[in-house]
Amino acid sequence: MSNEELSQIFTRIADLLEIKGENRFKVLAYRRASESIRSYPDDVSSLSQEELVDIPGIGQALAEKIVEYSQSGQLKFLNKLEKEVPPTLLELLEVPGIGPKRINLFWKSLGVTTLDELEEAARSGKLINLPGMGEKSTARILAGIQALRLKKKRYPIHEAETIAQEWKERISQVEGVQYIEIAGSLRRMCPTIGDIDLVGSAESSLKVMDFFVSQPEVVEVLSQGDFKSSIRLINGVEVQLWLQPKEKFGSLLQFVTGSKNHNVRLRELANKQGLSLSERGFVTNDLKEIFCEEESKVYSTLGLAFIPPELREDRGEIEAAAKNNLPNLIQREDLVCDLHLHSEWSDGKHSLREMANAAMNSGLKLIALTDHSSSAPTSREEDKLTIEDISKRTQAIRELQDEMKDKLIILNGIEVEILLDGRLDFPDKVLEAFDLVIASIHLGLDQTPKQLTKRLLSAIQNPLVDMIGHPGGKGLFASGAQELDWQRIFAASNKYNTILEINSNPLHLFLDDIHARQAARSGVLLAINSDAHTTSNISQIKYGLGIGRRAWLTPENVLNASEPNEVLEWINNRRAKSAGR
DNA sequence: GCCGTTTTCGGCCCGACTGTTTTCAGTCG
C-alpha cells in the first residue's frame, strides 16, 4: 500500500477524533503523523516497527497501527472509531464556517449526521436555539452549504497566478500602498491553489481594505477587518488580503506564505529560544518587540539560513537550515535546454521555425522538437505524424538547424506512445534515427496500476528510450499515479539510465514534488520540460521548475540544467552503453 | 499521541475575525 493511502487513513482518524471531542493534541499527533508519512521518501509499509519510530511524529502507538494496517489491511482502532462516530459527519467538515465543535453539537443534540440533514435542520430553525448559535450563524451555515455545492475545489496554478497578478497590480495603484506581494500556496508554487493570499502594507490600511472589498467582481465579503479581509469573486475564487504596518511586512509575508506546518515548527523553535513569533514579529520574554520588515530577518533571528518558499512544507527544511545545509536549489537560469516541445507536425499550434525562434528568444540554447507518434490520442486525424511524414520532418529540422546553427541547437526528437502492451508505437528502425526519444503514456490510462507500471517498466528498459514523458500519465495529479510501483520504476530508471520527466504543463505537473524528490534521492536523473504546444507556453517551464524546487532538486539532478554540449555528450554516452546491452 | 541541550511528565503556535456574548468560543490560516 502507498504512503498516500496510509496518510489518508491517519487524517481520517484525526478528523473523527476531533468530532468526537478527543484531546486536541492527540488529534494533532495524528495529523502530524499523516503529513510525515505522506512526504516520507520510502515506502512506509515496508518498514519494521523499530524503523517506524525513527520517523518524526511516529511513536510506539502509531508504529503499531502502521504495522497492523500494512499486514492486514485493517485497523481495529479505526473500525471501532467509525462505530462511535458516523463517518458521514466528515463531509460536514467541508462546509466553510463550521468545524468539529459545531458538528459535534449538531450531532449530539439533534442527531444530524449528513449534509442534507444539516441543511434541513438549518432551514427548519432547529439550529438557532442551540448554545452559541443564532440567526446569523444559521444563515452562514446555509450559505456555506450552498458554497460547498458550487465550489470548484482547487484551481490550477496558472489560473490562480493570472488572477493574483491582476489583483496585485490593481492594489498597488491605491494611494499610500508601500508593499504588496502574492503569498500563500501560490508563492510556494503548489500545483493547485485553494484561495489567493495577498499581503501588503499601506499608510492607511482602512483605505486599502475599503478599496479591496468594493471592487466590481466581489460578490460576497466573507470578512472585513483592519488586518485581514476576505472576498469571493464572481468566478468563485476567494481572495484574502492581509495588511500590517511597513516595519512588520516581512513577518507578515513569512507568515502568510506558510505552510501552516512550517510556521508551527518555526514558532516552536522560537519558543525554545525564549521568543514568541507571530505575523507581527517576535516578542521576547521581557516583552520587547523585534520587527522584521525583511522576510529574511525572521529566519536569521532564529539562527536559520533563509528558506526558499518552495521548501516550506516541514519536510526537513528547518533542520537543514539550522545546519546551513539547504540544497543549492535549481533556478530558472539553470534551465538552458528544453527537451520536449511540439510543432504543427503533430498537435502543436506553431511551425518548427516559430517554435525554434521563440525558444531562442526566451534564452534557450538547445531544444528537442518531439512531436507525437501517430497513435497518441491527443492528435486530431490531420495532426497525426505518420511514418511517411518523418523523413520530410527530419529534413525540415536539419535545414532549420543549419540555418540557426550558431544560435540554437535543435534536436530531432519524438514523443512515442507506449502502447497498451508496453511496446512502442514506431518500429525500432524508425526510432533509431531520432536524436532523442521520449516515451509517454496517453492511451489506456484507465488500466490498473499494475498494468501501467508494467508498461512504464517495459519502456524504461527499452534501449531506444532516453526519457519517460510525464511518468504516471496526464491530468492534474495524474489520477491513480500515486498507486504505481514507484520503487520499481525508480530502480529501473537508475539501472537503465533512463530519464524521468517533470512535465511543466500546469494541468499535468507530474512527476509531483514528492515523487520527484524520491526519484532524485534514489539517484534517478530528471528533466524539467515545458511540453510546449505553442510558442507562448514555452514559458510554462516555470511551473515545472516550481515542482523541481519543491522536490529539493539541484542542477545536478536535472539533465537540461546542463550546457548543450554536456546534454549531447550524455545522450551519446547513454546510447553507446545501450548499444552494448 | 509525541517528545526531551532544564523534563520520562507536562507541555504541545499564535492572532484575526465573527457572532453571541458581556468576556468568550469557534473557525480559519
# chains A, B, ... in the order shown; residues from 1 in each chain; ligands from 1

$ interface_residues --of "chain A" --to "chain B" --cutoff "8 Å" --atoms "only C-alpha atoms (C1' of nucleotides)" --output "ChimeraX atom specification"
/A:25-27,29-30,57-59,61-62,97-99,101-102,132-134,136-137,223-225,227-228,256,260,263-264,267-268,277-279

$ residues_around --residues "region 564-569 of chain A" --least-positions-apart "5" --cutoff "10 Å" --atoms "only C-alpha atoms (C1' of nucleotides)" --output "PyMOL selection string"
chain A and resi 336-337+339+364-367+408-409+411+435-436+559+574-575

$ write_last_selection --atoms "all heavy atoms" --output "compact mmCIF listing (two decimals), in the first residue's frame"
# COMPACT_ATOMS: atom_id res chain seq x y z
N VAL A 336 18.78 25.82 -19.38
CA VAL A 336 19.15 26.39 -20.68
C VAL A 336 18.74 25.48 -21.84
O VAL A 336 18.90 25.84 -23.00
CB VAL A 336 20.67 26.68 -20.75
CG1 VAL A 336 21.03 27.83 -19.82
CG2 VAL A 336 21.48 25.44 -20.41
N CYS A 337 18.22 24.30 -21.53
CA CYS A 337 17.76 23.38 -22.57
C CYS A 337 16.32 22.97 -22.26
O CYS A 337 15.91 22.95 -21.11
CB CYS A 337 18.63 22.13 -22.62
SG CYS A 337 20.40 22.48 -22.76
N LEU A 339 13.77 19.83 -23.50
CA LEU A 339 13.83 18.59 -24.28
C LEU A 339 12.47 18.06 -24.71
O LEU A 339 12.35 16.90 -25.10
CB LEU A 339 14.57 17.52 -23.45
CG LEU A 339 15.99 17.91 -23.03
CD1 LEU A 339 16.59 16.88 -22.10
CD2 LEU A 339 16.88 18.11 -24.26
N LEU A 364 16.85 30.01 -24.51
CA LEU A 364 17.28 28.60 -24.55
C LEU A 364 18.43 28.41 -25.53
O LEU A 364 18.54 29.13 -26.53
CB LEU A 364 16.09 27.71 -24.96
CG LEU A 364 15.01 27.55 -23.90
CD1 LEU A 364 13.75 26.91 -24.49
CD2 LEU A 364 15.53 26.72 -22.73
N LYS A 365 19.29 27.44 -25.21
CA LYS A 365 20.43 27.16 -26.08
C LYS A 365 20.26 25.86 -26.86
O LYS A 365 20.95 25.63 -27.84
CB LYS A 365 21.71 27.05 -25.24
CG LYS A 365 22.06 28.33 -24.46
CD LYS A 365 23.32 28.08 -23.64
CE LYS A 365 23.67 29.29 -22.79
NZ LYS A 365 24.79 28.97 -21.88
N LEU A 366 19.40 24.99 -26.35
CA LEU A 366 19.16 23.71 -27.03
C LEU A 366 17.71 23.31 -26.83
O LEU A 366 17.18 23.45 -25.72
CB LEU A 366 20.09 22.62 -26.46
CG LEU A 366 19.93 21.19 -26.99
CD1 LEU A 366 21.28 20.47 -26.94
CD2 LEU A 366 18.89 20.38 -26.22
N ILE A 367 17.08 22.82 -27.88
CA ILE A 367 15.72 22.27 -27.73
C ILE A 367 15.62 20.94 -28.47
O ILE A 367 16.37 20.69 -29.41
CB ILE A 367 14.62 23.21 -28.29
CG1 ILE A 367 14.84 23.49 -29.79
CG2 ILE A 367 14.56 24.50 -27.48
CD1 ILE A 367 13.65 24.19 -30.44
N LEU A 408 21.18 28.24 -31.89
CA LEU A 408 20.36 27.28 -31.14
C LEU A 408 20.61 25.88 -31.65
O LEU A 408 20.65 25.66 -32.86
CB LEU A 408 18.87 27.64 -31.33
CG LEU A 408 17.83 26.75 -30.65
CD1 LEU A 408 17.83 26.99 -29.14
CD2 LEU A 408 16.42 27.02 -31.21
N ILE A 409 20.78 24.94 -30.74
CA ILE A 409 20.91 23.54 -31.15
C ILE A 409 19.52 22.92 -31.14
O ILE A 409 18.78 23.04 -30.16
CB ILE A 409 21.87 22.78 -30.23
CG1 ILE A 409 23.27 23.37 -30.39
CG2 ILE A 409 21.86 21.29 -30.53
CD1 ILE A 409 24.27 22.82 -29.41
N LEU A 411 17.35 19.46 -31.67
CA LEU A 411 17.38 18.01 -31.79
C LEU A 411 16.10 17.52 -32.46
O LEU A 411 15.00 18.04 -32.21
CB LEU A 411 17.52 17.35 -30.41
CG LEU A 411 18.78 17.71 -29.62
CD1 LEU A 411 18.82 16.90 -28.32
CD2 LEU A 411 20.03 17.45 -30.44
N ASP A 435 17.28 11.89 -32.65
CA ASP A 435 18.33 12.32 -31.71
C ASP A 435 17.92 12.09 -30.26
O ASP A 435 18.76 11.98 -29.38
CB ASP A 435 18.60 13.83 -31.87
CG ASP A 435 19.01 14.18 -33.29
OD1 ASP A 435 19.60 13.30 -33.97
OD2 ASP A 435 18.74 15.31 -33.72
N LEU A 436 16.60 12.11 -30.05
CA LEU A 436 16.11 11.95 -28.67
C LEU A 436 14.73 11.28 -28.72
O LEU A 436 13.87 11.70 -29.49
CB LEU A 436 15.98 13.31 -27.98
CG LEU A 436 15.54 13.24 -26.52
CD1 LEU A 436 16.73 12.95 -25.61
CD2 LEU A 436 14.85 14.52 -26.07
N LEU A 559 18.97 16.95 -16.11
CA LEU A 559 19.83 16.94 -17.30
C LEU A 559 19.79 18.27 -18.05
O LEU A 559 20.82 18.80 -18.46
CB LEU A 559 19.42 15.81 -18.25
CG LEU A 559 20.24 15.78 -19.55
CD1 LEU A 559 21.70 15.47 -19.28
CD2 LEU A 559 19.67 14.78 -20.55
N ARG A 574 24.95 7.52 -23.27
CA ARG A 574 23.86 6.61 -22.93
C ARG A 574 23.62 5.64 -24.07
O ARG A 574 23.45 4.43 -23.87
CB ARG A 574 22.60 7.43 -22.69
CG ARG A 574 21.44 6.56 -22.35
CD ARG A 574 20.16 7.30 -22.14
NE ARG A 574 19.22 6.32 -21.65
CZ ARG A 574 18.67 5.40 -22.44
NH1 ARG A 574 18.94 5.37 -23.74
NH2 ARG A 574 17.86 4.49 -21.93
N ARG A 575 23.64 6.16 -25.30
CA ARG A 575 23.36 5.32 -26.46
C ARG A 575 24.48 4.32 -26.71
O ARG A 575 24.22 3.18 -27.10
CB ARG A 575 23.10 6.20 -27.67
CG ARG A 575 21.82 6.98 -27.44
CD ARG A 575 21.32 7.68 -28.64
NE ARG A 575 19.90 8.00 -28.42
CZ ARG A 575 19.05 8.28 -29.36
NH1 ARG A 575 19.44 8.28 -30.61
NH2 ARG A 575 17.80 8.54 -29.06

$ select_by_dssp --residues "region 286-480 of chain A" --states "helix (DSSP H, G or I)" --output "PyMOL selection string"
chain A and resi 295-301+309-311+317-322+332-334+352-361+381-383+387-404+428-432+449-461+476-478

$ atom_distance --atom1 "CA of Val437 (chain A)" --atom2 "CA of Arg353 (chain A)"
20.4 Å

$ atom_distance --atom1 "CA of Ala527 (chain A)" --atom2 "CA of Thr394 (chain A)"
23.5 Å

$ residues_around --residues "Ile19 (chain A)" --least-positions-apart "6" --cutoff "12 Å" --atoms "only C-alpha atoms (C1' of nucleotides)" --output "ChimeraX atom specification"
/A:12-13,27,81-82,84-93,98-108,113

$ select_by_dssp --residues "region 393-441 of chain A" --states "strand (DSSP E or B)" --output "ChimeraX atom specification"
/A:409-418,424,436-440

$ write_last_selection --atoms "N, CA and C atoms" --output "mmCIF file, in the first residue's frame"
data_model
loop_
_atom_site.group_PDB
_atom_site.id
_atom_site.type_symbol
_atom_site.label_atom_id
_atom_site.label_comp_id
_atom_site.auth_asym_id
_atom_site.auth_seq_id
_atom_site.Cartn_x
_atom_site.Cartn_y
_atom_site.Cartn_z
ATOM 1 N N ILE A 409 20.781 24.937 -30.736
ATOM 2 C CA ILE A 409 20.906 23.540 -31.155
ATOM 3 C C ILE A 409 19.521 22.917 -31.144
ATOM 4 N N ILE A 410 19.178 22.283 -32.266
ATOM 5 C CA ILE A 410 17.830 21.716 -32.401
ATOM 6 C C ILE A 410 17.936 20.209 -32.587
ATOM 7 N N LEU A 411 17.354 19.460 -31.672
ATOM 8 C CA LEU A 411 17.376 18.006 -31.789
ATOM 9 C C LEU A 411 16.101 17.518 -32.455
ATOM 10 N N ASN A 412 16.283 16.514 -33.287
ATOM 11 C CA ASN A 412 15.167 15.879 -33.975
ATOM 12 C C ASN A 412 14.637 14.769 -33.072
ATOM 13 N N GLY A 413 13.570 15.078 -32.345
ATOM 14 C CA GLY A 413 13.085 14.127 -31.356
ATOM 15 C C GLY A 413 11.691 13.606 -31.657
ATOM 16 N N ILE A 414 11.252 12.692 -30.825
ATOM 17 C CA ILE A 414 9.912 12.116 -30.978
ATOM 18 C C ILE A 414 9.355 11.808 -29.594
ATOM 19 N N GLU A 415 8.054 12.003 -29.436
ATOM 20 C CA GLU A 415 7.395 11.509 -28.229
ATOM 21 C C GLU A 415 6.556 10.323 -28.663
ATOM 22 N N VAL A 416 7.109 9.157 -28.408
ATOM 23 C CA VAL A 416 6.475 7.947 -28.937
ATOM 24 C C VAL A 416 5.532 7.353 -27.892
ATOM 25 N N GLU A 417 4.384 6.914 -28.370
ATOM 26 C CA GLU A 417 3.379 6.381 -27.461
ATOM 27 C C GLU A 417 3.786 4.986 -26.954
ATOM 28 N N ILE A 418 3.605 4.748 -25.680
ATOM 29 C CA ILE A 418 3.777 3.407 -25.122
ATOM 30 C C ILE A 418 2.431 2.701 -25.283
ATOM 31 N N LEU A 424 6.367 -0.074 -28.248
ATOM 32 C CA LEU A 424 6.317 1.318 -28.695
ATOM 33 C C LEU A 424 5.586 1.425 -30.027
ATOM 34 N N LEU A 436 16.598 12.111 -30.050
ATOM 35 C CA LEU A 436 16.108 11.947 -28.671
ATOM 36 C C LEU A 436 14.733 11.283 -28.720
ATOM 37 N N VAL A 437 14.547 10.250 -27.913
ATOM 38 C CA VAL A 437 13.260 9.552 -27.883
ATOM 39 C C VAL A 437 12.643 9.665 -26.487
ATOM 40 N N ILE A 438 11.468 10.298 -26.449
ATOM 41 C CA ILE A 438 10.677 10.314 -25.222
ATOM 42 C C ILE A 438 9.579 9.281 -25.392
ATOM 43 N N ALA A 439 9.351 8.465 -24.384
ATOM 44 C CA ALA A 439 8.219 7.533 -24.436
ATOM 45 C C ALA A 439 7.205 7.950 -23.377
ATOM 46 N N SER A 440 5.931 8.032 -23.772
ATOM 47 C CA SER A 440 4.893 8.506 -22.853
ATOM 48 C C SER A 440 3.629 7.688 -22.992
#

$ residues_around --residues "Tyr69 (chain A)" --least-positions-apart "4" --cutoff "10 Å" --atoms "only C-alpha atoms (C1' of nucleotides)" --output "PyMOL selection string"
chain A and resi 1+6+9+45+63-65+73-76

$ write_last_selection --atoms "all heavy atoms" --output "PDB file, in the first residue's frame"
ATOM      1  N   MET A   1       0.836  -1.206   0.000  1.00  0.00           N
ATOM      2  CA  MET A   1       0.000   0.000   0.000  1.00  0.00           C
ATOM      3  C   MET A   1       0.866   1.249   0.000  1.00  0.00           C
ATOM      4  O   MET A   1       2.009   1.228   0.460  1.00  0.00           O
ATOM      5  CB  MET A   1      -0.913  -0.056   1.207  1.00  0.00           C
ATOM      6  CG  MET A   1      -0.588   0.911   2.292  1.00  0.00           C
ATOM      7  SD  MET A   1      -0.972   0.215   3.862  1.00  0.00           S
ATOM      8  CE  MET A   1      -1.184  -1.500   3.466  1.00  0.00           C
ATOM      9  N   LEU A   6      -1.954   5.417   3.506  1.00  0.00           N
ATOM     10  CA  LEU A   6      -1.780   5.393   4.955  1.00  0.00           C
ATOM     11  C   LEU A   6      -1.973   6.793   5.543  1.00  0.00           C
ATOM     12  O   LEU A   6      -2.587   6.978   6.600  1.00  0.00           O
ATOM     13  CB  LEU A   6      -0.364   4.888   5.247  1.00  0.00           C
ATOM     14  CG  LEU A   6      -0.122   4.091   6.510  1.00  0.00           C
ATOM     15  CD1 LEU A   6      -1.195   3.063   6.750  1.00  0.00           C
ATOM     16  CD2 LEU A   6       1.240   3.416   6.397  1.00  0.00           C
ATOM     17  N   ILE A   9      -5.584   7.554   5.870  1.00  0.00           N
ATOM     18  CA  ILE A   9      -6.177   6.845   6.998  1.00  0.00           C
ATOM     19  C   ILE A   9      -5.975   7.657   8.287  1.00  0.00           C
ATOM     20  O   ILE A   9      -6.897   7.826   9.093  1.00  0.00           O
ATOM     21  CB  ILE A   9      -5.517   5.461   7.180  1.00  0.00           C
ATOM     22  CG1 ILE A   9      -5.809   4.577   5.970  1.00  0.00           C
ATOM     23  CG2 ILE A   9      -5.939   4.806   8.480  1.00  0.00           C
ATOM     24  CD1 ILE A   9      -7.038   3.742   6.068  1.00  0.00           C
ATOM     25  N   SER A  45       5.165   1.191   4.474  1.00  0.00           N
ATOM     26  CA  SER A  45       4.598  -0.116   4.827  1.00  0.00           C
ATOM     27  C   SER A  45       5.654  -1.213   4.837  1.00  0.00           C
ATOM     28  O   SER A  45       5.419  -2.298   5.342  1.00  0.00           O
ATOM     29  CB  SER A  45       3.465  -0.476   3.868  1.00  0.00           C
ATOM     30  OG  SER A  45       3.970  -0.630   2.568  1.00  0.00           O
ATOM     31  N   ALA A  63       3.277   3.479  15.343  1.00  0.00           N
ATOM     32  CA  ALA A  63       4.060   2.474  14.619  1.00  0.00           C
ATOM     33  C   ALA A  63       3.309   1.139  14.614  1.00  0.00           C
ATOM     34  O   ALA A  63       3.226   0.462  13.590  1.00  0.00           O
ATOM     35  CB  ALA A  63       5.438   2.316  15.256  1.00  0.00           C
ATOM     36  N   GLU A  64       2.734   0.783  15.769  1.00  0.00           N
ATOM     37  CA  GLU A  64       1.960  -0.466  15.840  1.00  0.00           C
ATOM     38  C   GLU A  64       0.792  -0.431  14.859  1.00  0.00           C
ATOM     39  O   GLU A  64       0.495  -1.420  14.192  1.00  0.00           O
ATOM     40  CB  GLU A  64       1.414  -0.664  17.258  1.00  0.00           C
ATOM     41  CG  GLU A  64       2.408  -1.307  18.200  1.00  0.00           C
ATOM     42  CD  GLU A  64       1.899  -1.312  19.637  1.00  0.00           C
ATOM     43  OE1 GLU A  64       0.668  -1.379  19.843  1.00  0.00           O
ATOM     44  OE2 GLU A  64       2.748  -1.222  20.552  1.00  0.00           O
ATOM     45  N   LYS A  65       0.142   0.719  14.788  1.00  0.00           N
ATOM     46  CA  LYS A  65      -1.017   0.822  13.882  1.00  0.00           C
ATOM     47  C   LYS A  65      -0.592   0.703  12.424  1.00  0.00           C
ATOM     48  O   LYS A  65      -1.275   0.085  11.607  1.00  0.00           O
ATOM     49  CB  LYS A  65      -1.750   2.143  14.123  1.00  0.00           C
ATOM     50  CG  LYS A  65      -2.486   2.163  15.455  1.00  0.00           C
ATOM     51  CD  LYS A  65      -3.335   3.407  15.610  1.00  0.00           C
ATOM     52  CE  LYS A  65      -4.196   3.354  16.862  1.00  0.00           C
ATOM     53  NZ  LYS A  65      -3.420   3.387  18.115  1.00  0.00           N
ATOM     54  N   GLY A  73      -4.381  -4.883   6.262  1.00  0.00           N
ATOM     55  CA  GLY A  73      -5.283  -4.013   5.501  1.00  0.00           C
ATOM     56  C   GLY A  73      -6.435  -3.510   6.349  1.00  0.00           C
ATOM     57  O   GLY A  73      -7.416  -2.971   5.841  1.00  0.00           O
ATOM     58  N   GLN A  74      -6.343  -3.718   7.651  1.00  0.00           N
ATOM     59  CA  GLN A  74      -7.416  -3.344   8.579  1.00  0.00           C
ATOM     60  C   GLN A  74      -6.818  -2.593   9.758  1.00  0.00           C
ATOM     61  O   GLN A  74      -5.632  -2.750  10.056  1.00  0.00           O
ATOM     62  CB  GLN A  74      -8.094  -4.604   9.147  1.00  0.00           C
ATOM     63  CG  GLN A  74      -8.908  -5.384   8.147  1.00  0.00           C
ATOM     64  CD  GLN A  74     -10.259  -4.753   7.885  1.00  0.00           C
ATOM     65  OE1 GLN A  74     -10.912  -4.289   8.820  1.00  0.00           O
ATOM     66  NE2 GLN A  74     -10.658  -4.699   6.619  1.00  0.00           N
ATOM     67  N   LEU A  75      -7.642  -1.809  10.416  1.00  0.00           N
ATOM     68  CA  LEU A  75      -7.199  -1.137  11.624  1.00  0.00           C
ATOM     69  C   LEU A  75      -8.345  -1.208  12.630  1.00  0.00           C
ATOM     70  O   LEU A  75      -9.380  -0.567  12.448  1.00  0.00           O
ATOM     71  CB  LEU A  75      -6.845   0.320  11.296  1.00  0.00           C
ATOM     72  CG  LEU A  75      -5.805   1.005  12.154  1.00  0.00           C
ATOM     73  CD1 LEU A  75      -4.545   0.169  12.300  1.00  0.00           C
ATOM     74  CD2 LEU A  75      -5.439   2.351  11.533  1.00  0.00           C
ATOM     75  N   LYS A  76      -8.147  -2.007  13.683  1.00  0.00           N
ATOM     76  CA  LYS A  76      -9.235  -2.196  14.662  1.00  0.00           C
ATOM     77  C   LYS A  76      -9.649  -0.867  15.264  1.00  0.00           C
ATOM     78  O   LYS A  76     -10.822  -0.600  15.480  1.00  0.00           O
ATOM     79  CB  LYS A  76      -8.765  -3.143  15.776  1.00  0.00           C
ATOM     80  CG  LYS A  76      -8.628  -4.592  15.333  1.00  0.00           C
ATOM     81  CD  LYS A  76      -8.652  -5.547  16.544  1.00  0.00           C
ATOM     82  CE  LYS A  76      -8.114  -6.921  16.180  1.00  0.00           C
ATOM     83  NZ  LYS A  76      -6.643  -7.014  16.268  1.00  0.00           N
TER      84      LYS A  76
END
